[in-house]
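coords07.txt (compact mmCIF, C-alpha atoms) appears below.
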# COMPACT_ATOMS: atom_id res chain seq x y z
CA MET A 1 95.64 144.94 -98.67
CA PRO A 2 95.20 143.00 -95.43
CA LYS A 3 95.77 144.60 -92.07
CA TYR A 4 98.20 142.99 -89.68
CA LEU A 5 98.75 142.20 -86.06
CA GLU A 6 102.44 142.71 -85.36
CA THR A 7 104.88 141.76 -82.68
CA THR A 8 108.60 142.24 -82.36
CA VAL A 9 110.56 139.53 -80.61
CA ASP A 10 114.29 140.01 -80.25
CA LYS A 11 115.24 141.66 -83.56
CA PHE A 12 112.45 140.08 -85.60
CA THR A 13 109.04 141.52 -86.40
CA PHE A 14 106.29 139.03 -87.20
CA LYS A 15 102.99 139.84 -88.88
CA VAL A 16 99.66 138.07 -88.78
CA ALA A 17 97.14 139.08 -91.44
CA THR A 18 93.74 139.78 -89.94
CA ASP A 19 91.64 138.73 -92.93
CA ARG A 20 92.07 134.95 -92.72
CA LEU A 21 92.14 131.88 -90.48
CA TYR A 22 95.08 129.80 -89.29
CA SER A 23 96.16 126.34 -88.25
CA ALA A 24 98.25 126.19 -85.10
CA GLU A 25 101.15 125.02 -87.29
CA GLY A 26 101.17 128.33 -89.14
CA VAL A 27 99.30 127.62 -92.35
CA TRP A 28 96.78 130.30 -93.28
CA ALA A 29 93.49 129.78 -95.10
CA HIS A 30 91.74 132.60 -96.92
CA GLU A 31 88.32 131.96 -98.39
CA LEU A 32 87.36 133.79 -101.55
CA ASP A 33 84.29 132.99 -103.61
CA GLY A 34 83.91 129.48 -102.27
CA ARG A 35 87.54 128.47 -102.73
CA VAL A 36 90.26 128.66 -100.12
CA ARG A 37 93.76 129.91 -100.77
CA ILE A 38 96.43 128.65 -98.40
CA GLY A 39 99.98 129.65 -97.52
CA LEU A 40 102.57 129.90 -94.78
CA THR A 41 102.54 132.57 -92.12
CA ASP A 42 105.17 135.25 -91.83
CA TYR A 43 106.43 133.62 -88.64
CA VAL A 44 106.89 130.22 -90.26
CA GLN A 45 108.69 131.63 -93.27
CA GLN A 46 111.03 133.72 -91.14
CA ARG A 47 111.76 130.93 -88.70
CA SER A 48 112.38 128.47 -91.52
CA GLY A 49 114.76 130.65 -93.51
CA ASP A 50 115.22 131.24 -97.21
CA VAL A 51 113.14 128.92 -99.36
CA ALA A 52 115.12 126.86 -101.84
CA PHE A 53 112.32 124.78 -103.30
CA ALA A 54 108.57 124.66 -102.84
CA GLU A 55 106.03 122.23 -104.20
CA ALA A 56 102.31 121.67 -103.82
CA LYS A 57 100.38 118.51 -104.60
CA PRO A 58 99.27 118.34 -108.23
CA LEU A 59 95.96 119.73 -109.39
CA GLY A 60 93.08 117.44 -108.59
CA THR A 61 94.74 115.83 -105.58
CA ALA A 62 92.31 115.24 -102.75
CA VAL A 63 93.64 116.13 -99.32
CA ALA A 64 92.26 115.59 -95.85
CA VAL A 65 92.75 117.98 -92.94
CA ASP A 66 96.40 117.92 -91.82
CA GLU A 67 97.41 115.72 -94.74
CA GLU A 68 100.45 116.98 -96.63
CA VAL A 69 99.40 119.41 -99.32
CA GLY A 70 102.85 120.72 -100.07
CA SER A 71 106.48 120.67 -99.09
CA ILE A 72 109.04 123.39 -98.65
CA GLU A 73 112.79 123.03 -98.55
CA THR A 74 114.57 125.93 -96.91
CA VAL A 75 118.18 126.56 -95.99
CA LYS A 76 117.36 125.26 -92.53
CA ALA A 77 114.72 122.58 -92.83
CA ASN A 78 112.35 120.50 -94.88
CA ILE A 79 108.77 121.41 -94.06
CA SER A 80 105.72 119.31 -94.73
CA VAL A 81 102.74 121.62 -95.11
CA GLY A 82 99.56 120.15 -93.68
CA ALA A 83 96.28 121.11 -95.28
CA PRO A 84 94.20 123.31 -92.98
CA LEU A 85 91.04 122.03 -94.66
CA ALA A 86 89.82 119.06 -96.65
CA GLY A 87 89.25 119.35 -100.37
CA MET A 88 90.85 119.15 -103.75
CA VAL A 89 93.85 121.08 -105.03
CA ALA A 90 92.31 123.45 -107.57
CA GLU A 91 95.26 125.72 -108.25
CA VAL A 92 98.97 125.75 -107.55
CA ASN A 93 100.96 128.95 -107.39
CA PRO A 94 103.19 128.94 -110.50
CA LEU A 95 105.76 131.03 -108.65
CA LEU A 96 106.60 128.03 -106.47
CA GLU A 97 108.55 126.64 -109.38
CA THR A 98 110.04 129.78 -110.85
CA ALA A 99 110.50 132.02 -107.80
CA PRO A 100 110.04 130.10 -104.55
CA GLU A 101 111.66 132.96 -102.66
CA THR A 102 108.34 134.78 -103.08
CA ILE A 103 107.19 132.82 -100.03
CA ASN A 104 109.77 134.74 -98.01
CA ALA A 105 109.12 138.04 -99.70
CA ASP A 106 105.33 138.08 -99.58
CA PRO A 107 103.96 135.20 -97.47
CA TYR A 108 100.39 136.54 -97.28
CA GLY A 109 100.23 137.70 -100.87
CA ALA A 110 102.08 136.49 -103.94
CA GLY A 111 103.76 133.73 -101.93
CA TRP A 112 100.61 131.63 -101.53
CA LEU A 113 100.91 127.88 -102.03
CA ALA A 114 97.68 126.53 -103.45
CA VAL A 115 93.95 127.00 -103.77
CA ILE A 116 91.72 124.29 -102.36
CA ALA A 117 88.19 123.55 -103.51
CA PRO A 118 86.81 122.78 -100.07
CA GLU A 119 84.89 119.67 -99.16
CA ASP A 120 83.21 121.11 -96.08
CA TRP A 121 84.56 124.56 -95.37
CA ALA A 122 81.77 125.39 -92.95
CA THR A 123 82.95 122.60 -90.66
CA ASP A 124 86.69 122.88 -91.27
CA ARG A 125 86.76 126.61 -90.59
CA THR A 126 85.46 126.04 -87.06
CA ARG A 127 88.63 124.06 -86.29
CA LEU A 128 90.89 126.90 -87.36
CA LEU A 129 92.16 129.82 -85.30
CA ASP A 130 91.14 133.40 -85.76
CA PRO A 131 94.01 135.91 -86.21
CA ALA A 132 94.10 136.90 -82.53
CA ALA A 133 94.26 133.28 -81.37
CA TYR A 134 97.03 132.41 -83.82
CA PHE A 135 98.86 135.63 -82.94
CA ALA A 136 98.93 134.57 -79.27
CA ILE A 137 100.29 131.12 -80.11
CA MET A 138 102.84 132.53 -82.51
CA GLN A 139 104.02 135.11 -80.01
CA GLN A 140 104.49 132.42 -77.38
CA GLN A 141 106.49 130.27 -79.81
CA ALA A 142 108.63 133.20 -80.92
CA GLU A 143 109.40 134.26 -77.36
CA LYS A 144 110.25 130.71 -76.36
CA GLU A 145 112.55 130.39 -79.33
CA ALA A 146 114.24 133.71 -78.57
CA GLN A 147 114.98 132.53 -75.05
CA GLY A 148 116.73 129.51 -76.54
CA MET B 1 153.93 147.91 -112.21
CA SER B 2 152.05 145.95 -109.62
CA ASP B 3 149.99 143.04 -110.83
CA GLN B 4 147.36 143.82 -108.19
CA PRO B 5 144.96 145.62 -110.55
CA HIS B 6 144.71 142.45 -112.62
CA LYS B 7 143.51 140.40 -109.67
CA VAL B 8 139.91 139.78 -108.88
CA VAL B 9 139.08 139.95 -105.21
CA ILE B 10 136.84 137.23 -103.81
CA VAL B 11 134.77 138.19 -100.78
CA PRO B 12 132.72 135.34 -99.29
CA CYS B 13 130.05 135.42 -96.60
CA SER B 14 131.37 135.44 -93.06
CA GLY B 15 128.37 133.67 -91.54
CA ILE B 16 129.76 131.35 -88.89
CA GLY B 17 127.56 128.44 -87.95
CA LYS B 18 125.63 128.66 -91.22
CA THR B 19 125.87 125.90 -93.79
CA TYR B 20 125.53 128.24 -96.76
CA GLY B 21 128.17 130.53 -95.31
CA THR B 22 130.51 127.57 -95.06
CA VAL B 23 129.80 126.67 -98.69
CA SER B 24 130.66 130.23 -99.70
CA ARG B 25 134.00 130.10 -97.92
CA GLU B 26 134.87 126.61 -99.20
CA ALA B 27 134.14 127.81 -102.73
CA ALA B 28 136.31 130.89 -102.18
CA TYR B 29 139.25 128.78 -100.95
CA ASP B 30 138.81 126.36 -103.84
CA LEU B 31 138.86 129.23 -106.30
CA VAL B 32 141.68 131.26 -104.79
CA GLU B 33 143.98 128.42 -103.75
CA ASP B 34 143.39 125.83 -106.45
CA LEU B 35 141.47 126.99 -109.50
CA ARG B 36 142.71 130.54 -110.07
CA PRO B 37 145.56 131.25 -107.63
CA GLU B 38 147.30 133.63 -110.02
CA THR B 39 144.37 135.84 -110.81
CA THR B 40 142.37 136.00 -107.61
CA GLY B 41 142.88 137.13 -104.06
CA LEU B 42 140.81 136.64 -100.94
CA VAL B 43 139.53 139.36 -98.64
CA GLY B 44 137.81 138.33 -95.45
CA LEU B 45 134.51 140.07 -94.90
CA PRO B 46 135.23 140.72 -91.20
CA LEU B 47 138.18 142.88 -92.20
CA LEU B 48 135.89 145.09 -94.24
CA VAL B 49 133.39 145.20 -91.41
CA LEU B 50 136.17 146.34 -89.09
CA GLY B 51 137.34 148.93 -91.60
CA ASP B 52 140.77 147.39 -92.13
CA GLU B 53 142.66 149.80 -94.37
CA ASP B 54 144.49 147.17 -96.42
CA ALA B 55 141.28 145.28 -97.08
CA ARG B 56 139.48 148.48 -98.08
CA ALA B 57 142.34 149.46 -100.36
CA THR B 58 142.29 146.07 -102.02
CA VAL B 59 138.57 146.13 -102.80
CA ALA B 60 138.90 149.72 -103.97
CA ALA B 61 141.65 148.75 -106.40
CA CYS B 62 140.32 145.49 -107.80
CA PRO B 63 137.00 144.22 -109.13
CA ALA B 64 135.26 142.12 -106.52
CA VAL B 65 133.27 138.93 -106.77
CA THR B 66 131.07 138.49 -103.74
CA ILE B 67 129.57 135.22 -102.50
CA ASP B 68 126.55 135.72 -100.27
CA GLY B 69 125.30 133.02 -97.93
CA CYS B 70 121.84 134.47 -97.44
CA LYS B 71 119.56 137.19 -98.69
CA LEU B 72 121.04 139.76 -96.34
CA ALA B 73 123.88 139.86 -98.88
CA CYS B 74 126.40 141.20 -96.37
CA ALA B 75 129.39 140.54 -98.62
CA THR B 76 127.93 142.48 -101.52
CA LYS B 77 126.75 145.35 -99.34
CA MET B 78 130.00 145.60 -97.43
CA VAL B 79 132.16 145.74 -100.55
CA ALA B 80 130.01 148.56 -101.89
CA GLN B 81 130.12 150.37 -98.55
CA SER B 82 133.89 149.99 -98.48
CA GLY B 83 134.28 151.82 -101.76
CA GLY B 84 134.71 148.71 -103.85
CA ARG B 85 133.18 147.70 -107.14
CA VAL B 86 131.13 144.52 -107.14
CA ALA B 87 131.83 143.10 -110.56
CA HIS B 88 129.76 140.00 -109.91
CA SER B 89 127.75 138.69 -107.00
CA VAL B 90 126.35 135.25 -106.44
CA ALA B 91 124.09 133.77 -103.77
CA VAL B 92 124.84 130.22 -102.67
CA LEU B 93 121.12 129.47 -102.58
CA ASP B 94 120.78 130.30 -106.28
CA VAL B 95 123.62 127.92 -107.08
CA TYR B 96 121.97 125.19 -105.01
CA ARG B 97 118.73 125.73 -106.95
CA ARG B 98 120.70 124.83 -110.08
CA HIS B 99 122.22 121.77 -108.38
CA ARG B 100 119.41 120.30 -106.32
CA ASP B 101 121.21 116.98 -106.03
CA LEU B 102 123.98 118.66 -104.04
CA LYS B 103 122.20 119.49 -100.80
CA PRO B 104 124.67 121.06 -98.40
CA GLN B 105 124.61 120.00 -94.78
CA GLY B 106 126.95 120.49 -91.88
CA ILE B 107 128.62 123.57 -90.52
CA ALA B 108 132.25 123.06 -89.54
CA ASP B 109 132.48 120.09 -91.89
CA LEU B 110 130.35 120.03 -94.99
CA ASN B 111 128.84 116.81 -96.24
CA GLU B 112 129.78 115.48 -99.65
CA GLY B 113 126.92 117.40 -101.28
CA GLY B 114 128.12 120.61 -99.70
CA ARG B 115 131.69 120.07 -100.84
CA GLN B 116 130.55 119.33 -104.37
CA LEU B 117 128.29 122.35 -104.36
CA ALA B 118 131.19 124.52 -103.22
CA HIS B 119 133.32 123.12 -106.04
CA ALA B 120 130.57 123.70 -108.59
CA LEU B 121 130.28 127.28 -107.37
CA ALA B 122 134.05 127.74 -107.53
CA GLN B 123 134.09 126.49 -111.10
CA GLU B 124 131.32 128.87 -112.08
CA LEU B 125 133.25 131.72 -110.51
CA ALA B 126 136.47 130.69 -112.23
CA ASP B 127 134.74 131.36 -115.54
CA ILE B 128 133.53 134.71 -114.25
CA VAL B 129 137.05 135.60 -113.12
CA ASP B 130 138.44 134.69 -116.53
CA THR B 131 135.89 136.91 -118.20
CA LEU B 132 136.64 139.81 -115.87
CA ASN B 133 140.35 139.44 -116.40
CA SER B 134 140.02 139.25 -120.14
CA LYS B 135 138.08 142.52 -120.02
CA SER B 136 140.57 144.28 -117.76
CA SER B 137 143.71 142.87 -119.35
CA PRO B 138 145.72 145.33 -121.45
CA ASP B 139 145.72 142.68 -124.16
CA ALA B 140 141.97 142.83 -124.33
CA SER B 141 142.05 146.37 -125.65
CA ALA B 142 144.97 145.76 -127.97
CA PRO B 143 144.14 145.49 -131.63
CA GLU B 144 144.09 142.04 -133.12
CA GLY B 145 147.51 140.94 -134.19
CA GLY B 146 149.10 142.75 -131.24
CA PRO B 147 152.21 141.78 -129.34
CA ASP B 148 151.04 138.23 -128.60
CA ALA B 149 149.95 137.46 -132.10
Produce structure tokens that represent the structure in this file.
Amino acid sequence: MPKYLETTVDKFTFKVATDRLYSAEGVWAHELDGRVRIGLTDYVQQRSGDVAFAEAKPLGTAVAVDEEVGSIETVKANISVGAPLAGMVAEVNPLLETAPETINADPYGAGWLAVIAPEDWATDRTRLLDPAAYFAIMQQQAEKEAQG
Amino acid sequence: MSDQPHKVVIVPCSGIGKTYGTVSREAAYDLVEDLRPETTGLVGLPLLVLGDEDARATVAACPAVTIDGCKLACATKMVAQSGGRVAHSVAVLDVYRRHRDLKPQGIADLNEGGRQLAHALAQELADIVDTLNSKSSPDASAPEGGPDA
């Protein structure tokens, strides 16, 4: 179970898991045994609302950093998910098709999007944010949003 | 004898400024005013929130069908808290997942997709209402070959 950094803004509490890295856009990347699992942060899923549909690029698709690796349709918006690293889609979460609401229910766990076989993780990881850095950005965005 | 017990109460989401809340209310109006005016009645969720006695009495006396606009499921929770029986609950998002071509947009005025989605939802609920009424109707428990045979 990951530990979390937490902040409450207005009536919402947002969590940032401390065991992974982040893009500034709120996509997390968690390396395990040479492959990198990716997903949306708690802040992004809460801000975006209930997920209606979620898709990831098919297995074997090569993606560059920031290139679309998936798309999410929520009750509020259509979100293009940019890849936080370059590589090839090695696994897609089957729950995206059968239970996309899992992204809302468990964004850092069962609600993951895809697993990427990285091209150059050692380099790509240096461009990502550590949990504290993403937490600061997220908190700023959440407070700005709460102020309207 | 009042015919009230044979009515099904429809309680839609009260979310103002929310597209899915608007779909829930459009579906409720479609159902109550056009599709099943004789066998359904509408109770506004705000009345239950405010503790209106008539509204509470109605949901206590009749089976309720709730239409929730989001996962907070306020309509379903409020009927239960008001002493009512939720005979069936539906979330607009689940209906949209079955009708992806009908993407609802707009708030005060729904787009065509939203109106069609509301109608599709109302039609689904009309079938549910018919089923509920057939179960609660005195005829349903009568032996075959009863008075209407």
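Between CA of Ile137 (chain A) and CA of Asp124 (chain A) lies a distance of 19.4 Å.
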### Message
If the cut-off is 8 Å, can you tell me the residues of chain A near chain B, counting only C-alpha atoms? I'd like them as a list in words.
### Response
Asp50, Ala52, Phe53 and Val75 of chain A
Write the residues of the preceding selection, restricted to C-alpha atoms, as a short mmCIF file (atom, residue, chain, number, x, y, z; two decimals), keeping the file's coordinate frame.
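Dumped to again07.cif:
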data_model
loop_
_atom_site.label_atom_id
_atom_site.label_comp_id
_atom_site.auth_asym_id
_atom_site.auth_seq_id
_atom_site.Cartn_x
_atom_site.Cartn_y
_atom_site.Cartn_z
CA ASP A 50 115.22 131.24 -97.21
CA ALA A 52 115.12 126.86 -101.84
CA PHE A 53 112.32 124.78 -103.30
CA VAL A 75 118.18 126.56 -95.99
#
Residues near Met88 (chain A), anyone? I mean within 7 Å using all atoms listed in the file, not counting same-chain ones fewer than 3 positions away, as a PDB file with C-alpha atoms, keeping the file's coordinate frame.
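This went into result.pdb:
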ATOM      1  CA  GLY A  60      93.080 117.440-108.590  1.00  0.00           C
ATOM      2  CA  THR A  61      94.740 115.830-105.580  1.00  0.00           C
ATOM      3  CA  ALA A  62      92.310 115.240-102.750  1.00  0.00           C
ATOM      4  CA  VAL A  63      93.640 116.130 -99.320  1.00  0.00           C
ATOM      5  CA  ILE A 116      91.720 124.290-102.360  1.00  0.00           C
ATOM      6  CA  ALA A 117      88.190 123.550-103.510  1.00  0.00           C
ATOM      7  CA  PRO A 118      86.810 122.780-100.070  1.00  0.00           C
TER       8      PRO A 118
END
### Within 7 Å of Ala118 (chain B) using all atoms listed in the file, minus same-chain residues under 2 positions, as a list in words
Val23, Ser24, Glu26, Ala27, Gly114, Arg115, Gln116, Ala120, Leu121 and Ala122 of chain B
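Put simply, CA of Ile79 (chain A) is 17.8 Å away from CA of Asp101 (chain B).
Each of A:Tyr43, A:Thr123, A:Ile38, A:Gln147 was compared to Glu6 (chain A) using all atoms listed in the file, and A:Tyr43 turns out to be the nearest.
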### Message
Please report the interatomic distance between CA of Ser14 (chain B) and CA of Ala75 (chain B) in Å with one decimal.
### Response
7.8 Å
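With distances taken over all atoms listed in the file, A:Ala86 is the one residue among A:Val16, A:Val115, A:Ala110, A:Ala86 lying closest to Ala64 (chain A).
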#### Entry: Using only C-alpha atoms: which of B:Ala87, B:Ala73, B:Leu47, B:Met78 has the shortest distance to Ser136 (chain B)
B:Ala87
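Minimum atom-to-atom distance to Val11 (chain B), evaluated using all atoms listed in the file, belongs to B:Ile67 out of B:Ile67, B:Val49, B:Ala55, B:Cys62.
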### Message
as a VMD selection string, please: the residues near Lys11 (chain A) (cut-off 12 Å, all atoms listed in the file, same-chain neighbours under 3 positions excluded).
### Response
chain A and resid 7 to 8 14 46 142 to 143 146
Is it possible to get the axis-aligned box enclosing region 2-6 of chain A (all listed atoms, 3 Å extra per side) as JSON, with centre and edge lengths in Å rounded to one decimal?
{"center_x": 98.8, "center_y": 143.4, "center_z": -90.4, "size_x": 13.2, "size_y": 8.4, "size_z": 16.1}
### Query
Counting only C-alpha atoms, what is within 7 Å of Gly41 (chain B), bar same-chain residues fewer than 4 positions away, as a list in words?
Lys7, Val8, Val9, Ile10 and Val32 of chain B
Please dump the current selection as a PDB file, in the coordinates of the input; keep C-alpha atoms.
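Generated output (again23.pdb):
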ATOM      1  CA  LYS B   7     143.510 140.400-109.670  1.00  0.00           C
ATOM      2  CA  VAL B   8     139.910 139.780-108.880  1.00  0.00           C
ATOM      3  CA  VAL B   9     139.080 139.950-105.210  1.00  0.00           C
ATOM      4  CA  ILE B  10     136.840 137.230-103.810  1.00  0.00           C
ATOM      5  CA  VAL B  32     141.680 131.260-104.790  1.00  0.00           C
TER       6      VAL B  32
END
### Message
Using all atoms listed in the file for the distances, tell me which of B:Val95, B:Leu132, B:Leu35, B:Leu72 is nearest to Cys13 (chain B).
### Response
B:Leu72
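The closest residue to Thr41 (chain A), picked from A:Asp130, A:Glu25, A:Asp19, A:Glu97 and counting all atoms listed in the file, is A:Glu25.
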### Task
Name all residues at most 12 Å from Thr126 (chain A) (count only C-alpha atoms; drop same-chain ones fewer than 5 positions away) and give them as a list in words.
Leu21, Tyr22, Ser23, Ala29, Pro84, Leu85, Asp120 and Trp121 of chain A
